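Worksheet: one structure, shown below.
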Amino acid sequence: MNLAAALPINCRQAFKMYCLARCFSCQLPTPSLPDYVFRKYNRGFTYGAVGYTQRRYGSSLKLNWSRCLHATVSLMDEKLLSVEQIFEKRSLRQYLMKMETEYNQCLKVVNNNIIEGKQDAEEELRAKRTRLSMLSPLIHCVRMLEAKQQEMTETETLLKDEDPDMVELVNIERQACLKGIQDLRQKILSLLVPEEDSDLSDLVLEVTAGVGGQEAMLFTAEVFDMYHGFAQYQGWAFDILECMKSELGGVRQASASISGPMCYKKMKFEAGVHRVQRIPKTEKQGRMHTSTMTVAVLPQPTEILFTINAKDLKIETKRASGAGGQHVNTTDSAVRIVHLPTGVVSECQQERSQLKNKEKAMKVLRAKLYSMKLEEETSKRYMARKIQIGTKGRSEKIRTYNFPQDRITDHRIGKTVHDVREFLAGEDVLEEMNTSLLEFSNQETLIDIIGENDSETD
């Protein structure tokens with residue numbers, strides 16, 4: 001007799017949960033336990049970092065587990081390879097050999113200083129020199145690695161010596177060789193991942209409240225403050241361009257200019273939809289709500305890199321609205337700029353000066369147009385790669401902040417960290433998340449470059 005089938009439906013669900021936790025099948029595949037449990041038994045159980053507790057089933061059956069299960073399995077653990085594992089791949093060795101062959105060919109052409117039988121010889125020679133300078137650091141590290149590996153082989157042969165003092169010295173030298181090999185391998189991998197054109201740019205940050213009314217606006221204000229704290233933690237400049245506040249102190253929409261070393265590179269993966277799950281301050285019956293807000297991270301180009309024709313702009317001035325005392329509705333300080341070819345609009349009324357508002361509105365407009373240009377250029381490449389991190393688009397749900405469970409889960413890599421308040425402070429916990437995202441993205445880019453499938457092995 002099937003004991004689970006004999007139980008009432010509510011108890012049967014609880015019994016299946018019990019069997020799954022005990023690693024019995026109960027007609028369900030055990031490997032899919034986390035996803036299945038969270039999807040099917042969400043209504044019947046409360047769950048968190050410390051376990052499960054049965055909720056209002058009308059029976060005396062009580063279940064408690066001390067195991068910690070999350071709705072997503074960490075892709076960081078499954079896919080993020082170590083440096084040694086990457087260098088064991090045949091495709092990487094073949095790619096490095098290909099780069100060294102290309103380097104030798106370019107070097108030969110540059111040394112001979114002539115390309116026979118071609119009309120555009122001078123341009124091709126210039127291109128070879130440029131390519132040579134780009135490959136030189138990589139090839140230099142590859143040759144240093146080969147020399148260090150040879151040194152390691154010679155050192156290990158001395159371990160057969162019967163003199164204990166000699167063996168001790170050899171072990172010390174061997175450890176130094178291992179560290180040198182590890183450092184060179186890491187440097188080679190970093191040289192293989194190309195820098196994006198916008199990685200060294202400053203950025204414009206935009207936050208917008210999404211679904212959830214006042215609660216979404218309150219959460220938007222918290223996230224905006226989190227990035228302000230992160231900028232201070234990194235030593236970046238944070239200049240508020242616009243901030244539209246709600247009646248309860250939340251933020252409907254806000255934007256800021258962030259400038260500092262590597263700011264866009266560290267912030268680019270924050271773009272997307274952020275979801276919060278908690279009991280709002282406005283909730284009187286203690287029910288948990290789910291709200292969203294959107295983050296956009298736009299690289300800020302210099303005027304040299306990206307110019308806008310003044311004839312393509314329509315600039316309007318109007319009186320500012322909102323809080324501001326005598327200044328509001330008395331002077332035409334607010335500025336609205338429309339880019340006629342694309343219809344992109346930028347507004348600013350943050351400052352009392354019309355000139356300063358115009359300058360800030362132009363900064364936002366330039367960032368929006370430059371971001372559109374970059375997305376157009378890279379969309380085909382991203383679609384072909386189908387990378388896990390995504391295209392950093394504003395429509396992609398990237399992260400959940402769950403206050404009852406005190407956890408933050410990034411859905412792109414399945415990484416979960418705890419202590420929501422510490423995360424929203426915008427310091428080391430947020431830095432840890434960003435570092436993981438960057439590492440995962442770099443590895444995906446590297447695998448794509450060398451043309452290797454994740455499952456392929458020697």
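In the structure tokens, chains take the letters A, B, ... in the order shown, each chain's residues start at 1, and ligands count up from 1 in the order shown.
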Distance query Leu135 of chain A at most 12 Å, only C-alpha atoms, self and fewer than 3 positions along chain excluded, as a PDB file with C-alpha atoms, in the first residue's frame:
```pdb
ATOM      1  CA  LEU A  96      48.058  29.880 -27.372  1.00  0.00           C
ATOM      2  CA  LYS A  98      48.016  29.849 -32.718  1.00  0.00           C
ATOM      3  CA  MET A  99      48.729  33.227 -31.086  1.00  0.00           C
ATOM      4  CA  GLU A 100      52.453  32.453 -30.920  1.00  0.00           C
ATOM      5  CA  THR A 101      52.492  31.470 -34.611  1.00  0.00           C
ATOM      6  CA  GLU A 102      50.750  34.724 -35.514  1.00  0.00           C
ATOM      7  CA  TYR A 103      53.223  36.649 -33.360  1.00  0.00           C
ATOM      8  CA  ASN A 104      56.195  35.056 -35.131  1.00  0.00           C
ATOM      9  CA  GLN A 105      54.714  35.833 -38.543  1.00  0.00           C
ATOM     10  CA  CYS A 106      54.111  39.481 -37.629  1.00  0.00           C
ATOM     11  CA  LEU A 107      57.611  39.743 -36.182  1.00  0.00           C
ATOM     12  CA  LYS A 128      51.256  44.153 -38.370  1.00  0.00           C
ATOM     13  CA  ARG A 129      53.138  46.454 -35.979  1.00  0.00           C
ATOM     14  CA  THR A 130      49.934  47.186 -34.080  1.00  0.00           C
ATOM     15  CA  ARG A 131      49.079  43.499 -33.834  1.00  0.00           C
ATOM     16  CA  LEU A 132      52.633  42.720 -32.725  1.00  0.00           C
ATOM     17  CA  LEU A 138      50.798  37.604 -23.966  1.00  0.00           C
ATOM     18  CA  ILE A 139      53.638  35.822 -25.759  1.00  0.00           C
ATOM     19  CA  HIS A 140      56.147  37.126 -23.217  1.00  0.00           C
ATOM     20  CA  CYS A 141      54.090  35.567 -20.385  1.00  0.00           C
ATOM     21  CA  VAL A 142      53.635  32.301 -22.316  1.00  0.00           C
ATOM     22  CA  ILE A 188      47.850  34.901 -19.227  1.00  0.00           C
ATOM     23  CA  LEU A 191      45.495  39.032 -21.037  1.00  0.00           C
ATOM     24  CA  LEU A 192      43.289  36.717 -23.101  1.00  0.00           C
ATOM     25  CA  PRO A 194      39.804  41.711 -23.911  1.00  0.00           C
TER      26      PRO A 194
END
```
Open item on the list: Residues near Gln277 of chain A, anyone? I mean within 9 Å using only C-alpha atoms, not counting same-chain ones fewer than 6 positions away, as a PyMOL selection string.
Closed with: chain A and resi 288-292+400-404
Any chance you could export the current selection's N, CA, C and O atoms as a PDB file, in the first residue's frame?
```
ATOM      1  N   MET A 288       3.564  39.562   3.319  1.00  0.00           N
ATOM      2  CA  MET A 288       4.795  39.825   2.569  1.00  0.00           C
ATOM      3  C   MET A 288       4.444  40.215   1.131  1.00  0.00           C
ATOM      4  O   MET A 288       3.599  39.584   0.500  1.00  0.00           O
ATOM      5  N   HIS A 289       5.104  41.244   0.612  1.00  0.00           N
ATOM      6  CA  HIS A 289       4.867  41.726  -0.742  1.00  0.00           C
ATOM      7  C   HIS A 289       6.125  41.539  -1.593  1.00  0.00           C
ATOM      8  O   HIS A 289       7.242  41.469  -1.068  1.00  0.00           O
ATOM      9  N   THR A 290       5.919  41.490  -2.880  1.00  0.00           N
ATOM     10  CA  THR A 290       7.037  41.452  -3.837  1.00  0.00           C
ATOM     11  C   THR A 290       6.973  42.707  -4.703  1.00  0.00           C
ATOM     12  O   THR A 290       5.935  42.978  -5.317  1.00  0.00           O
ATOM     13  N   SER A 291       8.039  43.468  -4.721  1.00  0.00           N
ATOM     14  CA  SER A 291       8.117  44.694  -5.517  1.00  0.00           C
ATOM     15  C   SER A 291       9.383  44.668  -6.346  1.00  0.00           C
ATOM     16  O   SER A 291      10.312  43.889  -6.078  1.00  0.00           O
ATOM     17  N   THR A 292       9.424  45.529  -7.347  1.00  0.00           N
ATOM     18  CA  THR A 292      10.596  45.576  -8.235  1.00  0.00           C
ATOM     19  C   THR A 292      11.039  47.004  -8.481  1.00  0.00           C
ATOM     20  O   THR A 292      10.272  47.960  -8.293  1.00  0.00           O
ATOM     21  N   THR A 400      17.343  39.053  -6.307  1.00  0.00           N
ATOM     22  CA  THR A 400      16.248  39.091  -5.345  1.00  0.00           C
ATOM     23  C   THR A 400      16.794  39.403  -3.958  1.00  0.00           C
ATOM     24  O   THR A 400      17.768  38.788  -3.516  1.00  0.00           O
ATOM     25  N   TYR A 401      16.158  40.346  -3.273  1.00  0.00           N
ATOM     26  CA  TYR A 401      16.491  40.715  -1.900  1.00  0.00           C
ATOM     27  C   TYR A 401      15.356  40.192  -1.019  1.00  0.00           C
ATOM     28  O   TYR A 401      14.258  40.759  -1.017  1.00  0.00           O
ATOM     29  N   ASN A 402      15.582  39.111  -0.294  1.00  0.00           N
ATOM     30  CA  ASN A 402      14.557  38.499   0.531  1.00  0.00           C
ATOM     31  C   ASN A 402      14.846  38.825   1.993  1.00  0.00           C
ATOM     32  O   ASN A 402      15.778  38.285   2.593  1.00  0.00           O
ATOM     33  N   PHE A 403      14.050  39.721   2.567  1.00  0.00           N
ATOM     34  CA  PHE A 403      14.300  40.185   3.927  1.00  0.00           C
ATOM     35  C   PHE A 403      13.962  39.129   4.983  1.00  0.00           C
ATOM     36  O   PHE A 403      14.729  38.954   5.939  1.00  0.00           O
ATOM     37  N   PRO A 404      12.824  38.387   4.874  1.00  0.00           N
ATOM     38  CA  PRO A 404      12.553  37.366   5.903  1.00  0.00           C
ATOM     39  C   PRO A 404      13.652  36.310   6.007  1.00  0.00           C
ATOM     40  O   PRO A 404      13.959  35.835   7.100  1.00  0.00           O
TER      41      PRO A 404
END
```
Open item on the list: I need the residues in segment 96-175 of chain A that are alpha helix (DSSP H) according to DSSP; give them as number ranges by chain.
Closed with: A: 96-112, 121-157, 164-175
Open item on the list: If we count only C-alpha atoms and set the cut-off at 12 Å, which residues sit around segment 154-159 of chain A, ignoring sequence neighbours fewer than 6 positions away in its own chain? Please answer as a ChimeraX atom specification.
Closed with: /A:147-148,165-178
Open item on the list: Nearest residue to Ala216 of chain A out of A:Ser246, A:Ser133, A:Gln94, A:Ser255, using only C-alpha atoms?
Closed with: A:Ser246
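Relative to atom CA of Asp410 of chain A, atom CA of Thr294 of chain A is found at 14.6 Å.
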TODO: Go through A:Ile86, A:Ile279, A:Ala425, A:Ala256 and flag the residue nearest Lys363 of chain A, using only C-alpha atoms for the distances.
DONE: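 Selected residue with least distance to Lys363 of chain A: A:Ala256.
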Task: Among the residues A:Ile181, A:Met267, A:Cys243, A:Met144, the one that comes closest to Leu438 of chain A [using only C-alpha atoms] - done: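 Looking at the shortest contact to Leu438 of chain A, the residue is A:Met267.
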Task: segment 217-224 of chain A surroundings by only C-alpha atoms, 6 Å radius, close-in-sequence under 4 positions cut, as a VMD selection string - done: chain A and resid 209 250 to 252
Task: Counting only C-alpha atoms, the residue of A:Ser371, A:Gln354, A:Asn111, A:Ser91 that sits nearest Ser333 of chain A - done: A:Gln354
TODO: Using only C-alpha atoms, find the one residue out of A:Thr416, A:Ser436, A:Gln349, A:Ser82 that sits nearest to Gln186 of chain A.
DONE: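 Among the listed residues, the smallest separation from Gln186 of chain A belongs to A:Ser82.
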Can you list every residue in segment 204-431 of chain A that DSSP puts in strand (DSSP E or B), as a compact mmCIF listing (two decimals) with C-alpha atoms, in the first residue's frame?
```
# COMPACT_ATOMS: atom_id res chain seq x y z
CA VAL A 204 25.43 57.54 -15.48
CA LEU A 205 23.32 55.53 -13.04
CA GLU A 206 19.52 55.53 -13.38
CA VAL A 207 17.10 53.92 -10.93
CA THR A 208 13.34 53.68 -11.53
CA ALA A 209 10.60 52.28 -9.30
CA ALA A 237 32.68 60.84 -7.16
CA PHE A 238 28.88 60.60 -6.94
CA ASP A 239 26.95 63.56 -8.37
CA ILE A 240 23.13 63.42 -8.23
CA LEU A 241 21.67 64.56 -11.54
CA GLU A 242 17.96 64.11 -10.78
CA CYS A 243 15.87 62.76 -7.92
CA MET A 244 12.05 62.58 -7.96
CA LYS A 245 10.87 61.64 -4.46
CA VAL A 251 12.21 57.59 -4.99
CA ARG A 252 10.17 57.43 -8.19
CA GLN A 253 13.18 57.98 -10.42
CA ALA A 254 16.73 59.18 -9.86
CA SER A 255 19.97 59.46 -11.76
CA ALA A 256 23.56 60.16 -10.79
CA SER A 257 26.91 60.62 -12.49
CA ILE A 258 29.65 58.36 -11.10
CA SER A 259 33.29 58.93 -11.98
CA GLY A 272 18.53 45.03 -14.68
CA VAL A 273 15.45 44.39 -12.56
CA HIS A 274 15.97 44.07 -8.80
CA ARG A 275 13.22 42.33 -6.80
CA VAL A 276 12.51 42.75 -3.09
CA GLN A 277 10.44 40.41 -0.92
CA ARG A 278 9.47 41.74 2.52
CA HIS A 289 4.87 41.73 -0.74
CA THR A 290 7.04 41.45 -3.84
CA SER A 291 8.12 44.69 -5.52
CA THR A 292 10.60 45.58 -8.23
CA MET A 293 12.80 48.41 -9.39
CA THR A 294 15.03 48.87 -12.42
CA VAL A 295 18.69 49.90 -12.62
CA ALA A 296 20.32 51.23 -15.78
CA VAL A 297 24.10 51.69 -15.97
CA LEU A 298 25.10 53.85 -18.94
CA PRO A 299 28.76 54.38 -19.88
CA GLN A 300 29.60 58.07 -20.01
CA LEU A 313 18.75 68.82 -30.54
CA LYS A 314 15.56 70.52 -29.41
CA ILE A 315 16.13 72.33 -26.11
CA GLU A 316 13.17 73.49 -24.03
CA THR A 317 13.06 75.32 -20.71
CA LYS A 318 10.26 75.28 -18.17
CA ALA A 334 14.28 73.19 -15.68
CA VAL A 335 15.71 71.93 -18.99
CA ARG A 336 14.32 69.33 -21.40
CA ILE A 337 16.45 68.16 -24.35
CA VAL A 338 15.10 66.02 -27.18
CA HIS A 339 17.38 64.24 -29.67
CA VAL A 344 15.53 60.21 -26.81
CA VAL A 345 14.60 62.72 -24.07
CA SER A 346 16.66 63.99 -21.16
CA GLU A 347 15.41 66.32 -18.43
CA CYS A 348 16.96 67.97 -15.39
CA LYS A 397 15.61 40.15 -13.70
CA ILE A 398 18.94 39.81 -12.02
CA ARG A 399 18.63 39.77 -8.22
CA THR A 400 16.25 39.09 -5.35
CA TYR A 401 16.49 40.71 -1.90
CA ASN A 402 14.56 38.50 0.53
CA ARG A 407 19.45 36.64 1.78
CA ILE A 408 20.35 38.15 -1.57
CA THR A 409 20.39 35.82 -4.59
CA ASP A 410 21.82 36.74 -7.98
CA LYS A 415 25.16 33.02 -5.94
CA THR A 416 23.53 33.67 -2.57
CA VAL A 417 24.90 35.86 0.21
CA HIS A 418 23.31 36.71 3.54
```
- [ ] Give me, please, the distance in Å between atom CA of Arg421 of chain A and atom CA of Asp406 of chain A, quoted to one decimal.
- [x]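 Atom CA of Asp406 of chain A lies 8.3 Å from atom CA of Arg421 of chain A.
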